[in-house]
file start_16.tsv (TSV, C-alpha atoms and all ligand atoms)
chain	number	residue	atom	x	y	z
A	586	MET	CA	-9.12	6.98	-30.32
A	587	LYS	CA	-9.93	8.16	-26.79
A	588	THR	CA	-7.24	9.54	-24.48
A	589	ALA	CA	-7.03	8.34	-20.87
A	590	LEU	CA	-4.94	9.80	-18.06
A	591	ILE	CA	-4.09	7.42	-15.20
A	592	THR	CA	-2.51	8.47	-11.89
A	593	GLY	CA	-0.41	6.02	-9.91
A	594	ALA	CA	0.28	4.23	-13.19
A	595	THR	CA	3.62	2.63	-12.29
A	596	SER	CA	2.33	-0.19	-10.12
A	597	GLY	CA	-0.66	-2.13	-8.87
A	598	ILE	CA	-4.14	-1.25	-10.10
A	599	GLY	CA	-2.87	1.79	-12.04
A	600	LYS	CA	-0.36	-0.19	-14.06
A	601	ALA	CA	-2.83	-3.03	-14.72
A	602	THR	CA	-5.42	-0.46	-15.83
A	603	ALA	CA	-2.92	1.09	-18.25
A	604	GLN	CA	-2.34	-2.38	-19.71
A	605	ALA	CA	-6.09	-3.06	-19.93
A	606	LEU	CA	-6.89	0.24	-21.66
A	607	ALA	CA	-3.92	0.26	-24.06
A	608	PRO	CA	-5.70	-1.59	-26.91
A	609	ASN	CA	-8.29	1.18	-27.37
A	610	HIS	CA	-6.90	4.30	-25.65
A	611	ARG	CA	-4.00	6.71	-26.01
A	612	LEU	CA	-2.44	6.91	-22.55
A	613	ILE	CA	-1.05	9.63	-20.32
A	614	LEU	CA	0.66	7.76	-17.50
A	615	CYS	CA	1.37	9.66	-14.29
A	616	GLY	CA	3.49	8.74	-11.30
A	617	ARG	CA	6.23	9.94	-8.99
A	618	ASN	CA	9.12	7.99	-10.51
A	619	THR	CA	10.27	8.82	-14.05
A	620	ALA	CA	12.26	5.59	-14.51
A	621	ASN	CA	9.25	3.45	-13.58
A	622	LEU	CA	7.02	5.49	-15.88
A	623	THR	CA	9.49	5.07	-18.74
A	624	ALA	CA	9.53	1.31	-18.21
A	625	ILE	CA	5.76	0.99	-18.58
A	626	GLN	CA	5.77	3.52	-21.43
A	627	ASP	CA	8.29	1.36	-23.30
A	628	GLU	CA	6.10	-1.71	-22.74
A	629	LEU	CA	2.84	-0.11	-23.87
A	630	ALA	CA	4.27	1.98	-26.73
A	631	LYS	CA	4.16	-1.27	-28.75
A	632	ILE	CA	0.35	-1.17	-28.45
A	633	THR	CA	-0.65	2.51	-28.34
A	634	GLU	CA	0.56	6.09	-28.18
A	635	VAL	CA	1.86	6.82	-24.67
A	636	THR	CA	3.18	9.89	-22.90
A	637	THR	CA	4.14	10.35	-19.26
A	638	LEU	CA	4.00	13.02	-16.56
A	639	THR	CA	6.11	12.82	-13.39
A	640	PHE	CA	4.54	14.46	-10.34
A	641	ASP	CA	3.26	13.74	-6.85
A	642	VAL	CA	-0.53	14.24	-6.68
A	643	SER	CA	-0.24	15.64	-3.15
A	644	ASP	CA	1.93	18.51	-4.43
A	645	LYS	CA	-0.53	21.10	-5.73
A	646	LYS	CA	1.96	23.16	-7.71
A	647	ALA	CA	3.72	20.14	-9.20
A	648	THR	CA	0.36	18.68	-10.26
A	649	PHE	CA	-0.85	21.84	-12.01
A	650	ASP	CA	2.59	22.52	-13.52
A	651	ALA	CA	2.93	18.98	-14.90
A	652	ILE	CA	-0.52	18.95	-16.48
A	653	ALA	CA	0.18	22.38	-18.01
A	654	THR	CA	3.15	20.87	-19.90
A	655	LEU	CA	0.98	18.48	-21.92
A	656	PRO	CA	1.65	19.05	-25.64
A	657	ALA	CA	-1.25	20.38	-27.74
A	658	ASN	CA	-2.06	16.95	-29.19
A	659	TRP	CA	-2.59	15.57	-25.66
A	660	GLN	CA	-4.80	18.36	-24.37
A	661	THR	CA	-8.14	16.68	-24.93
A	662	ILE	CA	-8.81	14.11	-22.23
A	663	ASP	CA	-11.69	11.64	-22.48
A	664	VAL	CA	-11.05	9.46	-19.42
A	665	LEU	CA	-9.46	10.29	-16.07
A	666	ILE	CA	-8.60	7.40	-13.76
A	667	ASN	CA	-7.93	8.84	-10.29
A	668	ASN	CA	-6.05	5.83	-8.98
A	669	ALA	CA	-3.12	7.26	-6.96
A	670	GLY	CA	-3.66	6.58	-3.28
A	671	ASN	CA	-2.06	4.94	-0.30
A	672	ALA	CA	-2.54	3.75	3.26
A	673	HIS	CA	0.06	4.81	5.82
A	674	GLY	CA	0.06	2.68	8.95
A	675	LEU	CA	-2.70	0.63	10.54
A	676	ALA	CA	-3.08	1.86	14.12
A	677	THR	CA	-5.62	3.37	16.46
A	678	PHE	CA	-6.19	7.07	15.98
A	679	GLN	CA	-4.64	7.78	19.38
A	680	GLU	CA	-1.48	5.85	18.49
A	681	ALA	CA	-1.11	6.73	14.80
A	682	SER	CA	1.42	9.36	13.83
A	683	LEU	CA	-0.05	12.64	12.69
A	684	ASP	CA	2.32	12.56	9.70
A	685	ASP	CA	0.77	9.26	8.55
A	686	LEU	CA	-2.77	10.56	9.01
A	687	GLU	CA	-2.02	13.77	7.12
A	688	ALA	CA	-0.29	11.88	4.30
A	689	MET	CA	-3.50	9.92	3.64
A	690	ILE	CA	-5.56	13.11	3.48
A	691	ASP	CA	-2.92	14.82	1.32
A	692	ILE	CA	-2.66	11.96	-1.21
A	693	ASN	CA	-6.09	10.36	-1.20
A	694	VAL	CA	-8.24	13.48	-0.75
A	695	LYS	CA	-6.29	16.59	-1.70
A	696	GLY	CA	-4.49	14.74	-4.50
A	697	ILE	CA	-7.74	13.70	-6.18
A	698	ILE	CA	-9.01	17.30	-5.90
A	699	TYR	CA	-5.85	18.74	-7.48
A	700	VAL	CA	-5.72	16.28	-10.38
A	701	THR	CA	-9.42	16.58	-11.16
A	702	LYS	CA	-9.38	20.37	-10.94
A	703	ALA	CA	-6.34	20.57	-13.22
A	704	LEU	CA	-7.74	18.07	-15.72
A	705	LEU	CA	-11.36	19.14	-16.04
A	706	PRO	CA	-10.66	22.10	-18.37
A	707	LEU	CA	-9.20	19.55	-20.81
A	708	MET	CA	-12.30	17.34	-20.55
A	709	MET	CA	-15.15	19.87	-20.56
A	710	GLY	CA	-16.90	21.40	-23.53
A	711	LYS	CA	-17.36	18.33	-25.72
A	712	GLY	CA	-20.41	16.86	-23.98
A	713	SER	CA	-18.65	13.64	-23.00
A	714	GLY	CA	-15.93	12.32	-20.71
A	715	HIS	CA	-15.55	9.92	-17.82
A	716	ILE	CA	-13.93	10.22	-14.41
A	717	VAL	CA	-13.26	7.00	-12.49
A	718	ASN	CA	-12.33	7.45	-8.84
A	719	LEU	CA	-10.65	4.63	-6.92
A	720	SER	CA	-12.20	4.54	-3.48
A	721	SER	CA	-12.34	1.36	-1.38
A	722	ILE	CA	-14.63	-0.79	0.69
A	723	ALA	CA	-12.95	1.28	3.43
A	724	GLY	CA	-14.96	4.24	2.12
A	725	LYS	CA	-18.20	2.39	2.87
A	726	GLU	CA	-17.25	0.81	6.21
A	727	ALA	CA	-14.98	2.28	8.86
A	728	TYR	CA	-12.88	-0.23	10.78
A	729	GLN	CA	-10.63	-0.37	13.83
A	730	ASN	CA	-7.15	1.10	13.20
A	731	GLY	CA	-8.29	2.55	9.90
A	732	THR	CA	-9.98	5.80	10.95
A	733	ILE	CA	-8.36	8.30	8.62
A	734	TYR	CA	-7.72	5.86	5.76
A	735	CYS	CA	-11.44	5.03	5.88
A	736	ALA	CA	-12.32	8.73	6.20
A	737	SER	CA	-10.16	9.54	3.16
A	738	LYS	CA	-11.89	6.89	1.06
A	739	ALA	CA	-15.34	7.97	2.31
A	740	ALA	CA	-14.35	11.44	1.09
A	741	VAL	CA	-13.52	9.97	-2.33
A	742	GLU	CA	-16.94	8.29	-2.47
A	743	ALA	CA	-18.75	11.50	-1.48
A	744	PHE	CA	-16.65	13.42	-4.02
A	745	SER	CA	-17.73	10.95	-6.72
A	746	LYS	CA	-21.39	11.40	-5.83
A	747	GLY	CA	-21.26	15.20	-5.70
A	748	LEU	CA	-19.16	15.51	-8.84
A	749	ARG	CA	-21.70	13.40	-10.73
A	750	TYR	CA	-24.32	16.07	-10.01
A	751	ASP	CA	-22.00	18.95	-10.89
A	752	LEU	CA	-20.93	17.40	-14.19
A	753	LEU	CA	-24.38	16.26	-15.36
A	754	SER	CA	-24.77	19.30	-17.60
A	755	GLU	CA	-21.28	18.67	-19.05
A	756	GLY	CA	-22.13	15.12	-20.10
A	757	ILE	CA	-19.21	13.77	-18.06
A	758	LYS	CA	-19.80	10.44	-16.33
A	759	VAL	CA	-18.42	9.71	-12.84
A	760	THR	CA	-17.84	6.23	-11.43
A	761	ASN	CA	-16.78	5.29	-7.92
A	762	VAL	CA	-14.85	2.01	-7.69
A	763	ALA	CA	-14.61	0.32	-4.29
A	764	PRO	CA	-12.23	-2.64	-4.24
A	765	GLY	CA	-11.94	-5.02	-1.33
A	766	ALA	CA	-8.76	-7.02	-0.74
A	767	VAL	CA	-6.44	-6.71	-3.75
A	768	GLU	CA	-2.93	-8.13	-3.52
A	769	THR	CA	-0.64	-5.29	-4.62
A	770	ASP	CA	2.03	-3.23	-2.84
A	771	PHE	CA	-0.85	-1.65	-0.89
A	772	SER	CA	-0.21	-3.58	2.34
A	773	LEU	CA	3.58	-3.30	1.98
A	774	VAL	CA	3.19	0.49	1.89
A	775	ARG	CA	0.60	0.43	4.71
A	776	PHE	CA	3.02	-1.60	6.86
A	777	LYS	CA	6.07	0.45	5.81
A	778	GLY	CA	7.94	-2.38	4.13
A	779	ASP	CA	7.11	-5.16	6.65
A	780	SER	CA	6.69	-7.89	4.04
A	781	ASP	CA	5.70	-10.63	6.53
A	782	ARG	CA	2.85	-8.54	7.91
A	783	ALA	CA	1.81	-7.53	4.39
A	784	ALA	CA	1.81	-11.15	3.19
A	785	GLN	CA	-0.46	-12.22	6.08
A	786	VAL	CA	-3.23	-9.94	4.75
A	787	TYR	CA	-3.52	-12.14	1.67
A	788	GLN	CA	-3.00	-15.58	3.23
A	789	GLY	CA	-5.64	-18.32	3.57
A	790	TYR	CA	-7.83	-17.23	0.63
A	791	THR	CA	-7.52	-16.08	-2.95
A	792	PRO	CA	-7.34	-12.27	-2.97
A	793	LEU	CA	-8.09	-10.14	-5.99
A	794	VAL	CA	-5.17	-9.14	-8.19
A	795	ALA	CA	-4.72	-5.73	-9.81
A	796	GLU	CA	-5.90	-7.13	-13.15
A	797	ASP	CA	-9.31	-7.96	-11.64
A	798	ILE	CA	-9.93	-4.29	-10.84
A	799	ALA	CA	-8.44	-3.23	-14.19
A	800	ASN	CA	-10.96	-5.53	-15.92
A	801	ALA	CA	-13.78	-3.86	-13.97
A	802	ILE	CA	-12.49	-0.41	-14.97
A	803	ALA	CA	-12.27	-1.43	-18.63
A	804	TYR	CA	-15.87	-2.71	-18.41
A	805	ILE	CA	-16.97	0.58	-16.80
A	806	ILE	CA	-15.43	2.85	-19.42
A	807	ASN	CA	-16.22	0.68	-22.43
A	808	GLN	CA	-19.99	0.88	-21.86
A	809	PRO	CA	-22.15	2.59	-24.48
A	810	GLU	CA	-22.15	6.40	-24.15
A	811	HIS	CA	-25.62	6.49	-22.52
A	812	VAL	CA	-24.66	4.01	-19.75
A	813	GLN	CA	-23.15	5.41	-16.52
A	814	ILE	CA	-22.05	2.92	-13.88
A	815	ALA	CA	-22.24	5.05	-10.74
A	816	ASP	CA	-20.67	2.79	-8.16
A	817	ILE	CA	-19.16	-0.67	-8.07
A	818	THR	CA	-17.79	-2.76	-5.20
A	819	VAL	CA	-15.50	-5.66	-6.08
A	820	PHE	CA	-14.59	-8.30	-3.47
A	821	PRO	CA	-12.68	-11.52	-3.69
A	822	LYS	CA	-15.09	-14.47	-3.34
A	823	ALA	CA	-13.89	-15.01	0.24
A	824	GLN	CA	-14.78	-11.47	1.39
A	825	ALA	CA	-18.14	-10.14	2.59
A	826	GLY	CA	-17.12	-6.85	4.23
A	827	ALA	CA	-14.09	-4.67	4.93
A	828	THR	CA	-12.85	-6.89	7.76
A	829	THR	CA	-14.79	-10.10	7.08
A	830	ILE	CA	-12.68	-12.50	5.05
A	831	HIS	CA	-13.17	-16.25	5.24
A	832	LYS	CA	-9.68	-17.73	5.62
A	833	LYS	CA	-8.67	-21.39	5.55
A	834	MET	CA	-5.33	-21.53	7.36
B	1	LIG	C1	-7.99	-1.31	0.71
B	1	LIG	C2	-8.95	-2.33	1.19
B	1	LIG	O1	-10.08	-3.44	3.14
B	1	LIG	O2	-7.71	-2.89	3.40
B	1	LIG	O3	-8.61	-0.13	0.38
B	1	LIG	O4	-9.38	-1.17	3.47
B	1	LIG	S1	-9.01	-2.45	2.89
call {"tool": "encode", "arguments": {"input": "start_16.tsv", "output": "structure tokens"}}
result
Amino acid sequence: MKTALITGATSGIGKATAQALAPNHRLILCGRNTANLTAIQDELAKITEVTTLTFDVSDKKATFDAIATLPANWQTIDVLINNAGNAHGLATFQEASLDDLEAMIDINVKGIIYVTKALLPLMMGKGSGHIVNLSSIAGKEAYQNGTIYCASKAAVEAFSKGLRYDLLSEGIKVTNVAPGAVETDFSLVRFKGDSDRAAQVYQGYTPLVAEDIANAIAYIINQPEHVQIADITVFPKAQAGATTIHKKM
């Protein structure tokens, strides 16, 4: 059975992906909160073998140290789902706090570099493997108030493209996933707990749910070995672009 490591596995798309992959993967679930990781481990241990690692992807030392603690029987990784990521604030560049802007670079860009760099030695050398990076429609289109969030996701998309070249000779596939509007805690985090503002993002249409993206990820990684899905954008039916959503209020 293949082994998959998922970052940001305690909620949203990460948690739904863990649930979707459990029937045919051993799982290494990663997140910042041990209690939340244990809760999903307990749920999925009924289906598959599960272990957990607690670390913050934006902490370089913690990331490398945590991955170094994997027991010998978990040291061959077939699938890496780079899901951990966040938006901090939605404001013009001139008004946004530098701390918020840096947090998005630290988590969404530096975090994906640290995890991938730490994990690749456990994936290379067998002529197969698959890295799935969670970018966003925001990585394809920049929008007002989203400068550095969009820049961070554009960096993820460029990373996916470059990494695909670098890993060709290793036989490791790389897929970039670009979701549109998915109703998770994403907007609650972006708006720092303002639940009314977060709810408005998903009103007047049927947004995607985390399971929709998890289904796409399961489709991507369950393809035959010779098939590499390079890039996929998933919108709700009511969406045509990053900021174009048809709402019926
Ligand atoms: C989240 C989607 O459209 O809010 O990445 O940027 S969007």
call {"tool": "closest_atom_pairs", "arguments": {"input": "start_16.tsv", "of": "range 678-797 of chain A", "to": "range 593-616 of chain A", "cutoff": "12 Å", "atoms": "only C-alpha atoms", "output": "CSV"}}
result
residue,atom,partner,partner_atom,distance
A:Ile692,CA,A:Gly593,CA,10.8
A:Asn693,CA,A:Gly593,CA,11.3
A:Gly696,CA,A:Gly593,CA,11.0
A:Ile697,CA,A:Gly593,CA,11.3
A:Val700,CA,A:Cys615,CA,10.5
A:Leu704,CA,A:Ile613,CA,11.7
A:Val717,CA,A:Thr602,CA,11.3
A:Asn718,CA,A:Gly599,CA,11.5
A:Leu719,CA,A:Ile598,CA,9.3
A:Ser720,CA,A:Ile598,CA,11.9
A:Val762,CA,A:Ile598,CA,11.5
A:Pro764,CA,A:Ile598,CA,10.1
A:Ala766,CA,A:Ile598,CA,11.9
A:Val767,CA,A:Ile598,CA,8.7
A:Glu768,CA,A:Gly597,CA,8.4
A:Thr769,CA,A:Gly597,CA,5.3
A:Asp770,CA,A:Gly597,CA,6.7
A:Phe771,CA,A:Gly597,CA,8.0
A:Ser772,CA,A:Gly597,CA,11.3
A:Leu773,CA,A:Gly597,CA,11.7
A:Val774,CA,A:Gly597,CA,11.7
A:Leu793,CA,A:Ile598,CA,10.6
A:Val794,CA,A:Ile598,CA,8.2
A:Ala795,CA,A:Ile598,CA,4.5
A:Glu796,CA,A:Ala601,CA,5.4
A:Asp797,CA,A:Ile598,CA,8.6
call {"tool": "axis_aligned_box", "arguments": {"input": "start_16.tsv", "around": "ligand LIG 1 (chain B)", "padding_each_side": "4 Å", "output": "lines of an AutoDock Vina configuration file"}}
result
center_x = -8.9
center_y = -1.8
center_z = 1.9
size_x = 10.4
size_y = 11.3
size_z = 11.1
call {"tool": "atom_distance", "arguments": {"input": "start_16.tsv", "atom1": "CA of Ala740 in chain A", "atom2": "CA of Ala784 in chain A"}}
result
27.9 Å
call {"tool": "atom_distance", "arguments": {"input": "start_16.tsv", "atom1": "CA of Thr818 in chain A", "atom2": "CA of Tyr728 in chain A"}}
result
16.9 Å
call {"tool": "residues_near_ligand", "arguments": {"input": "start_16.tsv", "ligand": "ligand LIG 1 (chain B)", "cutoff": "6 Å", "atoms": "all atoms listed in the file", "output": "list in words"}}
result
Ser721, Ile722, Ala723, Gly765, Ala766 and Ala827 of chain A
call {"tool": "closest_atom_pairs", "arguments": {"input": "start_16.tsv", "of": "range 590-680 of chain A", "to": "range 756-760 of chain A", "cutoff": "12 Å", "atoms": "only C-alpha atoms", "output": "CSV"}}
result
residue,atom,partner,partner_atom,distance
A:Ile662,CA,A:Ile757,CA,11.2
A:Asp663,CA,A:Ile757,CA,9.0
A:Val664,CA,A:Ile757,CA,9.3
A:Leu665,CA,A:Val759,CA,9.5
A:Ile666,CA,A:Thr760,CA,9.6
A:Asn667,CA,A:Thr760,CA,10.3
call {"tool": "atom_distance", "arguments": {"input": "start_16.tsv", "atom1": "CA of Thr829 in chain A", "atom2": "CA of Gln679 in chain A"}}
result
24.0 Å
